[in-house]
file input31.cif (mmCIF, C-alpha atoms and all ligand atoms)
data_protein
loop_
_atom_site.label_atom_id
_atom_site.label_comp_id
_atom_site.auth_asym_id
_atom_site.auth_seq_id
_atom_site.Cartn_x
_atom_site.Cartn_y
_atom_site.Cartn_z
CA MET A 449 11.04 -29.76 -25.57
CA ALA A 450 8.47 -27.44 -27.05
CA MET A 451 7.91 -24.24 -25.14
CA LEU A 452 5.31 -24.85 -22.42
CA LYS A 453 2.30 -22.58 -22.73
CA LEU A 454 1.81 -20.71 -19.48
CA SER A 455 -1.55 -19.66 -18.11
CA ARG A 456 -2.89 -16.64 -19.96
CA TYR A 457 -3.35 -14.91 -16.61
CA SER A 458 0.34 -15.34 -15.73
CA ALA A 459 1.04 -12.35 -18.00
CA TYR A 460 -0.25 -10.16 -15.17
CA ALA A 461 2.41 -11.24 -12.68
CA GLY A 462 4.95 -8.50 -12.09
CA ASN A 463 5.42 -5.19 -10.36
CA PRO A 464 6.08 -1.78 -11.95
CA ILE A 465 7.96 -0.73 -8.81
CA GLU A 466 10.69 -3.27 -9.56
CA GLU A 467 10.58 -3.38 -13.35
CA GLU A 468 13.77 -1.31 -13.78
CA ASP A 469 15.70 -3.36 -11.20
CA LYS A 470 17.61 -5.42 -13.76
CA LEU A 471 18.66 -2.34 -15.70
CA ALA A 472 19.63 -0.59 -12.45
CA GLU A 473 21.75 -3.57 -11.43
CA ARG A 474 23.47 -3.68 -14.83
CA LEU A 475 24.25 0.03 -14.65
CA GLU A 476 25.57 -0.39 -11.13
CA LEU A 477 27.82 -3.27 -12.22
CA SER A 478 29.21 -1.05 -14.96
CA GLY A 479 30.20 1.48 -12.28
CA LYS A 480 27.27 3.92 -12.30
CA LYS A 481 25.99 5.13 -8.94
CA ILE A 482 22.24 4.52 -8.61
CA ILE A 483 19.95 6.27 -6.14
CA ARG A 484 16.87 4.18 -5.56
CA LEU A 485 13.70 6.13 -4.89
CA ASN A 486 11.36 3.43 -6.08
CA ARG A 487 10.72 1.13 -3.13
CA GLY A 488 8.68 2.21 -0.13
CA ASP A 489 10.93 0.53 2.37
CA PRO A 490 11.34 2.53 5.60
CA ALA A 491 13.77 -0.02 7.06
CA VAL A 492 16.43 1.15 4.58
CA TYR A 493 16.61 4.60 6.21
CA PHE A 494 15.16 4.02 9.69
CA PRO A 495 16.60 1.08 11.65
CA THR A 496 13.85 -1.32 12.75
CA PRO A 497 13.15 -0.54 16.45
CA ARG A 498 15.42 -2.34 18.90
CA TYR A 499 12.46 -3.85 20.83
CA MET A 500 11.25 -5.62 17.69
CA ILE A 501 14.69 -7.02 16.92
CA ASP A 502 15.09 -8.17 20.55
CA ALA A 503 11.68 -9.86 20.53
CA TYR A 504 12.54 -11.58 17.23
CA LEU A 505 15.88 -12.80 18.66
CA SER A 506 14.24 -13.92 21.87
CA ALA A 507 11.69 -15.98 19.85
CA LEU A 508 14.58 -17.60 17.96
CA ASN A 509 16.54 -18.26 21.15
CA SER A 510 13.57 -19.90 22.81
CA GLY A 511 13.11 -22.31 19.94
CA LYS A 512 10.08 -20.71 18.29
CA THR A 513 11.37 -21.67 14.89
CA GLY A 514 8.73 -24.09 13.65
CA TYR A 515 5.45 -23.68 11.79
CA SER A 516 2.80 -21.81 13.72
CA PHE A 517 -1.01 -22.04 13.56
CA HIS A 518 -2.09 -21.29 9.97
CA ALA A 519 -4.10 -18.18 10.96
CA GLY A 520 -1.36 -16.86 13.22
CA ILE A 521 -0.32 -17.29 16.86
CA ARG A 522 -3.02 -16.36 19.38
CA GLU A 523 -0.73 -13.82 21.14
CA LEU A 524 -0.48 -11.86 17.90
CA ARG A 525 -4.18 -12.01 17.06
CA VAL A 526 -5.02 -10.84 20.59
CA ALA A 527 -2.46 -8.01 20.30
CA ILE A 528 -3.94 -6.90 16.94
CA ALA A 529 -7.46 -6.97 18.42
CA GLN A 530 -6.32 -4.92 21.43
CA ARG A 531 -4.61 -2.39 19.18
CA HIS A 532 -7.86 -1.93 17.25
CA ARG A 533 -9.69 -1.40 20.53
CA ARG A 534 -7.12 1.18 21.64
CA LEU A 535 -6.97 3.10 18.37
CA TYR A 536 -10.41 2.64 16.84
CA ASN A 537 -12.69 1.66 19.69
CA LEU A 538 -13.50 -1.63 18.00
CA ASP A 539 -13.48 -4.83 19.97
CA PRO A 540 -12.86 -7.55 17.38
CA ASN A 541 -12.74 -11.21 18.25
CA PRO A 542 -9.12 -12.42 17.75
CA ASP A 543 -10.63 -15.21 15.66
CA SER A 544 -11.77 -12.65 13.11
CA ILE A 545 -8.09 -11.99 12.33
CA ILE A 546 -5.98 -14.04 9.93
CA VAL A 547 -2.25 -13.37 9.99
CA THR A 548 -0.63 -13.28 6.56
CA GLN A 549 2.84 -12.99 5.09
CA GLY A 550 2.55 -9.28 4.57
CA VAL A 551 -0.52 -7.45 3.30
CA SER A 552 0.60 -8.63 -0.14
CA GLU A 553 -0.53 -12.13 0.71
CA ALA A 554 -3.88 -10.88 2.01
CA ILE A 555 -4.43 -9.05 -1.30
CA LEU A 556 -3.63 -12.20 -3.27
CA PHE A 557 -5.90 -14.32 -1.08
CA ALA A 558 -8.76 -11.85 -1.47
CA SER A 559 -8.79 -11.76 -5.27
CA SER A 560 -8.38 -15.49 -5.46
CA LEU A 561 -11.23 -16.24 -3.05
CA PHE A 562 -13.71 -13.72 -4.49
CA ILE A 563 -13.09 -13.72 -8.22
CA ASP A 564 -14.23 -16.04 -10.98
CA PRO A 565 -13.05 -15.17 -14.50
CA GLY A 566 -15.20 -12.32 -15.74
CA ASP A 567 -16.09 -10.94 -12.27
CA SER A 568 -15.16 -7.39 -11.37
CA ALA A 569 -13.79 -5.38 -8.48
CA LEU A 570 -13.91 -1.67 -7.89
CA ILE A 571 -10.50 -0.05 -7.58
CA PHE A 572 -9.85 3.55 -6.60
CA ARG A 573 -7.34 5.08 -9.02
CA PRO A 574 -4.41 5.90 -8.59
CA TYR A 575 -3.98 2.50 -6.96
CA TYR A 576 -1.41 0.24 -5.40
CA PRO A 577 -0.39 -1.98 -8.39
CA LEU A 578 -0.98 -5.34 -6.74
CA TYR A 579 -4.74 -4.65 -6.42
CA VAL A 580 -5.03 -4.75 -10.20
CA ASP A 581 -2.47 -7.45 -10.91
CA ALA A 582 -3.89 -9.82 -8.29
CA LEU A 583 -7.39 -9.28 -9.64
CA ARG A 584 -6.29 -9.93 -13.22
CA LEU A 585 -4.34 -13.02 -12.15
CA SER A 586 -7.70 -14.48 -11.11
CA GLY A 587 -9.31 -13.47 -14.42
CA GLY A 588 -11.13 -10.47 -12.94
CA ASN A 589 -11.71 -7.05 -14.47
CA PRO A 590 -11.00 -3.83 -12.66
CA ILE A 591 -13.57 -1.05 -12.64
CA PHE A 592 -11.72 2.14 -11.85
CA VAL A 593 -13.07 5.09 -9.94
CA ASP A 594 -10.83 8.12 -10.28
CA CYS A 595 -9.59 10.07 -7.29
CA LYS A 596 -8.82 13.44 -8.80
CA GLU A 597 -5.94 15.82 -8.20
CA GLU A 598 -8.43 18.67 -7.54
CA ASP A 599 -9.90 16.58 -4.66
CA GLU A 600 -6.36 16.04 -3.34
CA PHE A 601 -6.79 12.46 -4.61
CA ARG A 602 -9.52 11.62 -2.09
CA ILE A 603 -12.51 9.70 -3.36
CA ASN A 604 -15.50 11.70 -4.49
CA PRO A 605 -18.52 9.67 -3.31
CA ASP A 606 -20.73 11.05 -6.11
CA ALA A 607 -18.19 9.85 -8.71
CA LEU A 608 -18.18 6.49 -6.96
CA ARG A 609 -21.99 6.22 -7.20
CA LYS A 610 -21.95 7.32 -10.83
CA GLY A 611 -19.15 4.88 -11.65
CA LEU A 612 -21.07 2.03 -10.11
CA GLY A 613 -24.25 3.04 -11.91
CA GLN A 614 -22.50 2.54 -15.25
CA HIS A 615 -21.58 -1.04 -14.35
CA LYS A 616 -24.89 -2.33 -13.08
CA ALA A 617 -24.73 -5.41 -15.29
CA GLU A 618 -21.37 -6.56 -13.94
CA LYS A 619 -20.74 -8.79 -10.99
CA ILE A 620 -18.78 -6.49 -8.69
CA LYS A 621 -17.46 -8.51 -5.78
CA TYR A 622 -15.45 -6.05 -3.73
CA MET A 623 -13.93 -2.61 -3.64
CA ILE A 624 -10.37 -2.04 -2.52
CA PHE A 625 -8.45 1.10 -1.62
CA ALA A 626 -5.48 2.16 0.48
CA ASN A 627 -6.07 4.73 3.20
CA PRO A 628 -3.65 6.53 3.56
CA SER A 629 -2.95 6.04 -0.11
CA ASN A 630 0.06 4.71 -1.89
CA PRO A 631 0.93 6.43 -4.28
CA THR A 632 -0.86 9.75 -3.52
CA GLY A 633 -0.56 10.15 0.27
CA ALA A 634 -4.26 11.08 0.44
CA VAL A 635 -6.07 10.44 3.73
CA MET A 636 -9.80 9.91 3.44
CA ARG A 637 -12.20 11.98 5.56
CA ARG A 638 -14.66 10.35 7.93
CA SER A 639 -17.64 11.72 5.99
CA GLU A 640 -16.27 10.25 2.73
CA LEU A 641 -15.72 6.86 4.34
CA LYS A 642 -19.29 6.90 5.64
CA GLU A 643 -20.54 7.51 2.13
CA ILE A 644 -18.34 4.73 0.75
CA VAL A 645 -19.93 2.38 3.28
CA GLU A 646 -23.42 3.47 2.19
CA VAL A 647 -22.54 2.85 -1.47
CA ALA A 648 -21.11 -0.57 -0.64
CA LYS A 649 -24.21 -1.47 1.33
CA ASP A 650 -26.63 -0.33 -1.40
CA ASN A 651 -24.72 -2.30 -4.04
CA GLU A 652 -23.80 -5.34 -1.91
CA VAL A 653 -20.09 -4.90 -2.52
CA PHE A 654 -17.58 -6.13 0.08
CA ILE A 655 -15.20 -3.41 1.33
CA ILE A 656 -11.45 -3.95 1.66
CA SER A 657 -9.66 -1.06 3.35
CA ASP A 658 -5.88 -1.40 3.19
CA GLU A 659 -4.72 0.51 6.28
CA ILE A 660 -1.07 -0.50 6.21
CA TYR A 661 -0.09 3.21 6.61
CA ASP A 662 -2.56 3.98 9.42
CA GLU A 663 0.24 5.18 11.72
CA VAL A 664 2.04 7.13 8.99
CA VAL A 665 -0.16 10.23 9.00
CA PHE A 666 1.30 13.77 9.12
CA ASN A 667 0.91 16.90 11.21
CA GLY A 668 -2.17 16.12 13.25
CA GLU A 669 -4.19 14.93 10.21
CA LYS A 670 -7.02 12.79 11.58
CA PHE A 671 -7.05 9.20 10.35
CA THR A 672 -10.33 7.28 10.42
CA SER A 673 -10.37 3.53 10.07
CA ILE A 674 -13.17 1.99 8.04
CA SER A 675 -13.97 -0.03 11.16
CA GLU A 676 -15.13 3.18 12.90
CA VAL A 677 -17.87 3.83 10.35
CA SER A 678 -18.97 0.52 8.89
CA LYS A 679 -20.93 -1.15 11.66
CA GLY A 680 -23.31 -3.73 10.22
CA VAL A 681 -21.69 -3.81 6.74
CA PRO A 682 -19.28 -6.62 5.78
CA TYR A 683 -15.71 -5.40 5.37
CA ALA A 684 -12.06 -6.30 5.87
CA VAL A 685 -9.21 -4.21 7.21
CA PHE A 686 -5.75 -5.15 5.97
CA GLY A 687 -2.83 -4.05 8.11
CA GLY A 688 0.62 -5.17 9.13
CA ALA A 689 4.07 -4.65 10.49
CA SER A 690 5.87 -3.45 7.34
CA LYS A 691 5.33 0.32 7.47
CA GLY A 692 4.12 1.50 10.89
CA PHE A 693 6.40 -0.97 12.65
CA ASP A 694 9.23 -0.42 10.18
CA SER A 695 9.91 -4.08 9.50
CA THR A 696 9.19 -4.78 5.83
CA GLY A 697 11.44 -7.85 5.79
CA PHE A 698 9.58 -9.58 8.63
CA ARG A 699 6.74 -10.28 6.16
CA ILE A 700 3.86 -9.96 8.60
CA GLY A 701 0.41 -8.63 7.80
CA TYR A 702 -3.18 -9.50 8.62
CA ALA A 703 -6.74 -9.45 7.40
CA MET A 704 -9.41 -8.60 9.95
CA ILE A 705 -13.03 -9.39 9.04
CA PRO A 706 -14.88 -8.50 12.23
CA GLU A 707 -18.61 -8.37 11.47
CA GLN A 708 -20.74 -11.26 12.71
CA ASP A 709 -23.11 -11.61 9.72
CA ARG A 710 -23.16 -14.89 7.80
CA GLN A 711 -21.22 -13.48 4.88
CA SER A 712 -18.34 -12.13 6.99
CA ILE A 713 -18.05 -15.40 8.87
CA ALA A 714 -17.96 -17.38 5.61
CA ILE A 715 -15.35 -15.05 4.10
CA ARG A 716 -13.03 -15.27 7.07
CA GLU A 717 -13.32 -19.05 7.15
CA LYS A 718 -12.32 -19.15 3.50
CA PHE A 719 -9.47 -16.75 4.24
CA ALA A 720 -8.27 -19.20 6.88
CA ASP A 721 -8.52 -22.05 4.34
CA TYR A 722 -6.20 -20.11 2.06
CA ALA A 723 -3.81 -19.63 4.98
CA LYS A 724 -3.85 -23.40 5.59
CA MET A 725 -2.49 -23.98 2.10
CA ARG A 726 0.78 -22.26 2.93
CA LEU A 727 0.87 -23.75 6.45
CA SER A 728 2.20 -20.82 8.45
CA SER A 729 3.58 -17.32 8.29
CA ASN A 730 6.97 -16.35 9.72
CA THR A 731 6.84 -17.56 13.34
CA PRO A 732 9.52 -15.47 15.11
CA ALA A 733 8.30 -12.35 13.28
CA GLN A 734 4.81 -12.94 14.69
CA TYR A 735 6.20 -12.93 18.24
CA ALA A 736 8.13 -9.75 17.47
CA PHE A 737 5.04 -7.98 16.08
CA ALA A 738 2.89 -9.08 19.05
CA ASP A 739 5.51 -7.83 21.48
CA ALA A 740 5.86 -4.49 19.66
CA MET A 741 2.10 -3.91 19.75
CA ASN A 742 2.00 -4.64 23.46
CA LYS A 743 4.78 -2.09 24.12
CA THR A 744 2.40 0.76 23.50
CA GLY A 745 4.43 3.54 25.18
CA VAL A 746 7.77 2.75 23.55
CA HIS A 747 6.15 2.15 20.19
CA LYS A 748 4.30 5.47 20.28
CA GLU A 749 7.53 7.27 21.06
CA GLU A 750 9.42 5.52 18.21
CA ILE A 751 6.70 5.88 15.59
CA THR A 752 6.08 9.54 16.46
CA LYS A 753 9.77 10.34 15.95
CA MET A 754 9.88 8.38 12.69
CA VAL A 755 6.70 9.90 11.26
CA GLU A 756 7.87 13.44 12.15
CA LYS A 757 11.05 12.83 10.18
CA ILE A 758 9.16 11.27 7.27
CA ALA A 759 6.71 14.20 7.19
CA ALA A 760 9.63 16.66 7.08
CA ARG A 761 11.27 14.72 4.24
CA VAL A 762 8.05 14.39 2.23
CA ASN A 763 7.32 18.13 2.65
CA PHE A 764 10.88 19.04 1.74
CA ALA A 765 10.76 16.85 -1.39
CA CYS A 766 7.33 18.19 -2.36
CA ASP A 767 8.48 21.83 -2.12
CA LEU A 768 11.53 21.05 -4.25
CA VAL A 769 9.49 19.16 -6.85
CA ASN A 770 7.16 22.14 -7.11
CA LYS A 771 10.10 24.42 -7.89
CA SER A 772 10.69 22.46 -11.10
CA LYS A 773 9.02 23.97 -14.19
CA TYR A 774 8.10 20.48 -15.40
CA LEU A 775 6.71 18.84 -12.27
CA TYR A 776 3.83 19.37 -9.89
CA ALA A 777 2.87 17.42 -6.75
CA THR A 778 -0.02 17.75 -4.30
CA LYS A 779 1.15 17.74 -0.70
CA PRO A 780 0.63 14.26 0.80
CA LYS A 781 -1.11 13.87 4.16
CA GLY A 782 0.41 10.48 4.96
CA ALA A 783 2.51 7.48 3.74
CA PHE A 784 5.86 8.38 2.12
CA TYR A 785 5.34 8.98 -1.55
CA LEU A 786 5.07 11.88 -3.95
CA LEU A 787 3.01 11.44 -7.07
CA ALA A 788 4.43 14.16 -9.31
CA LYS A 789 2.71 15.23 -12.50
CA LEU A 790 4.98 15.68 -15.52
CA ASP A 791 4.39 18.50 -17.96
CA MET A 792 4.53 15.99 -20.83
CA LYS A 793 3.49 18.53 -23.51
CA ARG A 794 6.71 20.46 -22.92
CA LEU A 795 8.98 17.41 -22.95
CA ASP A 796 10.47 15.56 -25.91
CA LEU A 797 9.80 12.21 -24.22
CA LYS A 798 6.94 9.93 -25.22
CA ASP A 799 5.54 9.03 -21.81
CA ASP A 800 6.28 8.46 -18.13
CA GLN A 801 7.90 5.10 -18.93
CA GLU A 802 10.45 6.86 -21.11
CA VAL A 803 11.02 9.39 -18.33
CA ALA A 804 11.65 6.59 -15.80
CA ALA A 805 14.05 4.70 -18.07
CA GLY A 806 15.85 7.89 -19.18
CA LEU A 807 16.28 9.09 -15.60
CA LEU A 808 17.86 5.81 -14.64
CA VAL A 809 20.27 5.65 -17.56
CA GLU A 810 21.21 9.33 -17.75
CA GLU A 811 21.07 10.40 -14.09
CA GLY A 812 21.19 7.16 -12.09
CA ILE A 813 17.85 7.90 -10.39
CA GLN A 814 15.36 5.05 -10.08
CA ILE A 815 11.77 6.19 -9.57
CA THR A 816 8.54 4.48 -10.73
CA ARG A 817 6.42 5.45 -13.74
CA GLY A 818 3.01 6.75 -12.67
CA SER A 819 1.23 4.56 -15.24
CA GLY A 820 2.10 1.61 -12.99
CA PHE A 821 -0.33 3.11 -10.45
CA GLY A 822 -2.96 4.08 -13.02
CA ALA A 823 -1.56 7.63 -13.22
CA PRO A 824 0.08 8.04 -16.65
CA GLY A 825 2.03 11.27 -17.08
CA HIS A 826 3.24 11.10 -13.47
CA ILE A 827 6.23 9.69 -11.62
CA ARG A 828 6.23 8.33 -8.09
CA ILE A 829 9.11 9.35 -5.86
CA VAL A 830 9.71 7.61 -2.52
CA ALA A 831 10.61 10.42 -0.10
CA LEU A 832 12.15 8.40 2.74
CA ALA A 833 15.81 9.27 2.15
CA PRO A 834 17.48 12.07 4.13
CA GLU A 835 17.03 15.60 2.81
CA GLU A 836 20.47 15.82 1.18
CA ILE A 837 19.83 12.70 -0.93
CA LEU A 838 16.34 13.92 -1.84
CA GLU A 839 17.74 17.33 -2.80
CA GLN A 840 20.49 15.85 -4.95
CA SER A 841 18.01 13.47 -6.63
CA ILE A 842 15.28 16.00 -7.34
CA ARG A 843 17.86 18.41 -8.78
CA LYS A 844 18.99 15.62 -11.10
CA ILE A 845 15.37 14.90 -12.07
CA ASP A 846 14.86 18.60 -12.84
CA LYS A 847 18.12 18.75 -14.82
CA PHE A 848 17.01 15.73 -16.84
CA LEU A 849 13.62 17.31 -17.58
CA VAL A 850 15.22 20.62 -18.59
CA LYS A 851 17.55 18.71 -20.92
CA HIS A 852 14.54 16.99 -22.48
CA SER A 853 12.32 20.06 -22.76
CA LYS A 854 11.05 21.17 -26.14
N1 LIG B 1 -0.52 -2.22 0.53
C1 LIG B 1 0.02 -1.03 0.22
C2 LIG B 1 -0.88 0.12 0.02
C3 LIG B 1 1.41 -0.90 0.11
O1 LIG B 1 1.91 0.29 -0.19
C4 LIG B 1 2.23 -2.04 0.30
C5 LIG B 1 3.69 -1.93 0.13
O2 LIG B 1 4.25 -0.96 -0.26
C6 LIG B 1 1.62 -3.26 0.59
C7 LIG B 1 0.26 -3.31 0.71
C8 LIG B 1 2.44 -4.51 0.80
O3 LIG B 1 2.84 -4.57 2.11
P1 LIG B 1 3.49 -5.85 2.81
O4 LIG B 1 4.93 -5.53 3.03
O5 LIG B 1 2.75 -5.96 4.12
O6 LIG B 1 3.28 -7.03 1.95
#
call {"tool": "encode", "arguments": {"input": "input31.cif", "output": "structure tokens"}}
result
Amino acid sequence: MAMLKLSRYSAYAGNPIEEEDKLAERLELSGKKIIRLNRGDPAVYFPTPRYMIDAYLSALNSGKTGYSFHAGIRELRVAIAQRHRRLYNLDPNPDSIIVTQGVSEAILFASSLFIDPGDSALIFRPYYPLYVDALRLSGGNPIFVDCKEEDEFRINPDALRKGLGQHKAEKIKYMIFANPSNPTGAVMRRSELKEIVEVAKDNEVFIISDEIYDEVVFNGEKFTSISEVSKGVPYAVFGGASKGFDSTGFRIGYAMIPEQDRQSIAIREKFADYAKMRLSSNTPAQYAFADAMNKTGVHKEEITKMVEKIAARVNFACDLVNKSKYLYATKPKGAFYLLAKLDMKRLDLKDDQEVAAGLLVEEGIQITRGSGFGAPGHIRIVALAPEEILEQSIRKIDKFLVKHSK
């Protein structure tokens, strides 16, 4: 049979975070020890809290193993709404929440429901890769607004306005950003979020704030949810269980579209239609997430301990990275990543992709090339592992860079 021609958009399916996985596996099979610092998976180093596991098991034992309501079980949507009231003083209707199979699914739904080929979306750069890939899968074009190192990777509202001004002729449907950010660890200030809301309002652009790391914020840094500053402007908050509830494999996320204007209501109904197409998200995991959110005291205790450890590891890794003559990283304020700038001019390697592949083959360290996040000339290091593993790995990265210096 002749080779079937796939959709031209299918070329955009993929993920830079996992692109070296096959090579890593091959090297491992040949006996090389690989340290993986590429996936932001807290459950590898921090056991998922006991209360979540027990709630999951209890759902299984009581026969909650079938499909659930397409938009998620009511108990979970009520628990998410109550959490938003507790943390952000917002009182959303549980019906404004659609439970998804991870935030990943919410991102895919969003691009698919907003974008016709040729439409655009505004993406803050460096970005989480799926924002761009999902958009391109629907035939959309990204318009990037750069978050600069000198602004500690937070958005500069003037740059945002200027960026939008240059694209007046394009149909910009939404803007999307992660706060706290993956890969930079930046946490946006309240005043900046307010300005973002003003810009979105003036330009009639829907806001999507990915707040999956809202509980992973370091050392008293104040986190502001978009929902605290966007009253009267249509927006969505994406959140979920993966990071703050340390249960990436449960595959539970949500989209909350709380405003009551006609547009928000229409968008959330469409969101629910997308959810109908895949019938249901993981049923026992929904019970576990609902239960965990209702256990406010225990959860706070667990997450505080976990975030303190993560903050110490990220700081430790950042200080070590900054001792290397060939790397520089801004100190993150949240999440669990380091975006480290390579001194490419002083290296005999072509680009960050060559650095990533070389590090894997020569030193057995798997990181992700920064260009996968719109930050060429950087590497992203996941700083979740215990200090001794981080120390050993960063020393190997430095050794590799010294070996490849000009
Ligand atoms: N959004 C951001 C910013 C992320 O960093 C990730 C995962 O790393 C996701 C979404 C996907 O999360 P989920 O496990 O809920 O699909």
call {"tool": "atom_distance", "arguments": {"input": "input31.cif", "atom1": "atom CA of A:Ser559", "atom2": "atom CA of A:Asp469"}}
result
26.6 Å
call {"tool": "closest_residue", "arguments": {"input": "input31.cif", "among": "A:Gly697, A:Pro464, A:Gly520, A:Gly680", "to": "ligand LIG 1 (chain B)", "atoms": "only C-alpha atoms and all ligand atoms"}}
result
A:Gly697
call {"tool": "closest_residue", "arguments": {"input": "input31.cif", "among": "A:Ile700, A:Ile655, A:Leu570, A:Val681", "to": "ligand LIG 1 (chain B)", "atoms": "all atoms listed in the file"}}
result
A:Ile700
call {"tool": "axis_aligned_box", "arguments": {"input": "input31.cif", "around": "ligand LIG 1 (chain B)", "padding_each_side": "3 Å", "output": "AutoDock Vina command-line options"}}
result
--center_x 2.0 --center_y -3.4 --center_z 1.9 --size_x 11.8 --size_y 13.3 --size_z 10.4
call {"tool": "atom_distance", "arguments": {"input": "input31.cif", "atom1": "atom CA of A:Lys596", "atom2": "atom CA of A:Gly668"}}
result
23.2 Å
call {"tool": "closest_residue", "arguments": {"input": "input31.cif", "among": "A:Ile644, A:Gly514, A:Phe693, A:Tyr622", "to": "A:Lys743", "atoms": "all atoms listed in the file"}}
result
A:Phe693
call {"tool": "closest_residue", "arguments": {"input": "input31.cif", "among": "A:Ile656, A:Ala736, A:Ile813, A:Ile555", "to": "ligand LIG 1 (chain B)", "atoms": "all atoms listed in the file"}}
result
A:Ile555
call {"tool": "atom_distance", "arguments": {"input": "input31.cif", "atom1": "atom CA of A:Val803", "atom2": "atom CA of A:Lys757"}}
result
28.7 Å
call {"tool": "closest_atom_pairs", "arguments": {"input": "input31.cif", "of": "chain A", "to": "ligand LIG 1 (chain B)", "cutoff": "10 Å", "atoms": "only C-alpha atoms and all ligand atoms", "output": "tab-separated table"}}
result
residue	atom	partner	partner_atom	distance
A:Ile465	CA	B:LIG1	O2	9.3
A:Arg487	CA	B:LIG1	O2	7.4
A:Gly488	CA	B:LIG1	O2	5.4
A:Asp489	CA	B:LIG1	O2	7.3
A:Pro490	CA	B:LIG1	O2	9.8
A:Thr548	CA	B:LIG1	O5	8.4
A:Gln549	CA	B:LIG1	O6	6.8
A:Gly550	CA	B:LIG1	O5	3.4
A:Val551	CA	B:LIG1	O5	3.7
A:Ser552	CA	B:LIG1	O6	3.8
A:Glu553	CA	B:LIG1	O6	6.5
A:Ala554	CA	B:LIG1	O6	8.1
A:Ile555	CA	B:LIG1	C7	7.7
A:Tyr575	CA	B:LIG1	C2	8.0
A:Tyr576	CA	B:LIG1	C2	5.4
A:Pro577	CA	B:LIG1	C1	8.7
A:Leu578	CA	B:LIG1	C7	7.8
A:Tyr579	CA	B:LIG1	N1	8.5
A:Phe625	CA	B:LIG1	C2	7.8
A:Ala626	CA	B:LIG1	C2	5.1
A:Asn627	CA	B:LIG1	C2	7.6
A:Pro628	CA	B:LIG1	C2	7.8
A:Ser629	CA	B:LIG1	C2	6.3
A:Asn630	CA	B:LIG1	C2	5.1
A:Pro631	CA	B:LIG1	O1	7.4
A:Ser657	CA	B:LIG1	C2	9.5
A:Asp658	CA	B:LIG1	N1	6.0
A:Glu659	CA	B:LIG1	C2	7.4
A:Ile660	CA	B:LIG1	N1	6.0
A:Tyr661	CA	B:LIG1	C2	7.3
A:Phe686	CA	B:LIG1	N1	8.1
A:Gly687	CA	B:LIG1	O5	7.1
A:Gly688	CA	B:LIG1	O5	5.5
A:Ala689	CA	B:LIG1	O5	6.6
A:Ser690	CA	B:LIG1	O4	4.9
A:Lys691	CA	B:LIG1	O4	7.4
A:Asp694	CA	B:LIG1	O4	9.8
A:Ser695	CA	B:LIG1	O4	8.3
A:Thr696	CA	B:LIG1	O4	5.2
A:Gly697	CA	B:LIG1	O4	7.4
A:Phe698	CA	B:LIG1	O4	8.3
A:Arg699	CA	B:LIG1	O4	6.0
A:Ile700	CA	B:LIG1	O5	6.1
A:Gly701	CA	B:LIG1	O5	5.1
A:Tyr702	CA	B:LIG1	O5	8.2
A:Ala783	CA	B:LIG1	O1	8.2
A:Phe784	CA	B:LIG1	O1	9.3
A:Tyr785	CA	B:LIG1	O1	9.4
call {"tool": "write_last_selection", "arguments": {"input": "input31.cif", "atoms": "C-alpha atoms", "output": "CSV table (one decimal), in the coordinates of the input"}}
result
chain,number,residue,atom,x,y,z
A,465,ILE,CA,8.0,-0.7,-8.8
A,487,ARG,CA,10.7,1.1,-3.1
A,488,GLY,CA,8.7,2.2,-0.1
A,489,ASP,CA,10.9,0.5,2.4
A,490,PRO,CA,11.3,2.5,5.6
A,548,THR,CA,-0.6,-13.3,6.6
A,549,GLN,CA,2.8,-13.0,5.1
A,550,GLY,CA,2.6,-9.3,4.6
A,551,VAL,CA,-0.5,-7.4,3.3
A,552,SER,CA,0.6,-8.6,-0.1
A,553,GLU,CA,-0.5,-12.1,0.7
A,554,ALA,CA,-3.9,-10.9,2.0
A,555,ILE,CA,-4.4,-9.0,-1.3
A,575,TYR,CA,-4.0,2.5,-7.0
A,576,TYR,CA,-1.4,0.2,-5.4
A,577,PRO,CA,-0.4,-2.0,-8.4
A,578,LEU,CA,-1.0,-5.3,-6.7
A,579,TYR,CA,-4.7,-4.6,-6.4
A,625,PHE,CA,-8.4,1.1,-1.6
A,626,ALA,CA,-5.5,2.2,0.5
A,627,ASN,CA,-6.1,4.7,3.2
A,628,PRO,CA,-3.6,6.5,3.6
A,629,SER,CA,-3.0,6.0,-0.1
A,630,ASN,CA,0.1,4.7,-1.9
A,631,PRO,CA,0.9,6.4,-4.3
A,657,SER,CA,-9.7,-1.1,3.4
A,658,ASP,CA,-5.9,-1.4,3.2
A,659,GLU,CA,-4.7,0.5,6.3
A,660,ILE,CA,-1.1,-0.5,6.2
A,661,TYR,CA,-0.1,3.2,6.6
A,686,PHE,CA,-5.8,-5.2,6.0
A,687,GLY,CA,-2.8,-4.0,8.1
A,688,GLY,CA,0.6,-5.2,9.1
A,689,ALA,CA,4.1,-4.6,10.5
A,690,SER,CA,5.9,-3.4,7.3
A,691,LYS,CA,5.3,0.3,7.5
A,694,ASP,CA,9.2,-0.4,10.2
A,695,SER,CA,9.9,-4.1,9.5
A,696,THR,CA,9.2,-4.8,5.8
A,697,GLY,CA,11.4,-7.8,5.8
A,698,PHE,CA,9.6,-9.6,8.6
A,699,ARG,CA,6.7,-10.3,6.2
A,700,ILE,CA,3.9,-10.0,8.6
A,701,GLY,CA,0.4,-8.6,7.8
A,702,TYR,CA,-3.2,-9.5,8.6
A,783,ALA,CA,2.5,7.5,3.7
A,784,PHE,CA,5.9,8.4,2.1
A,785,TYR,CA,5.3,9.0,-1.6
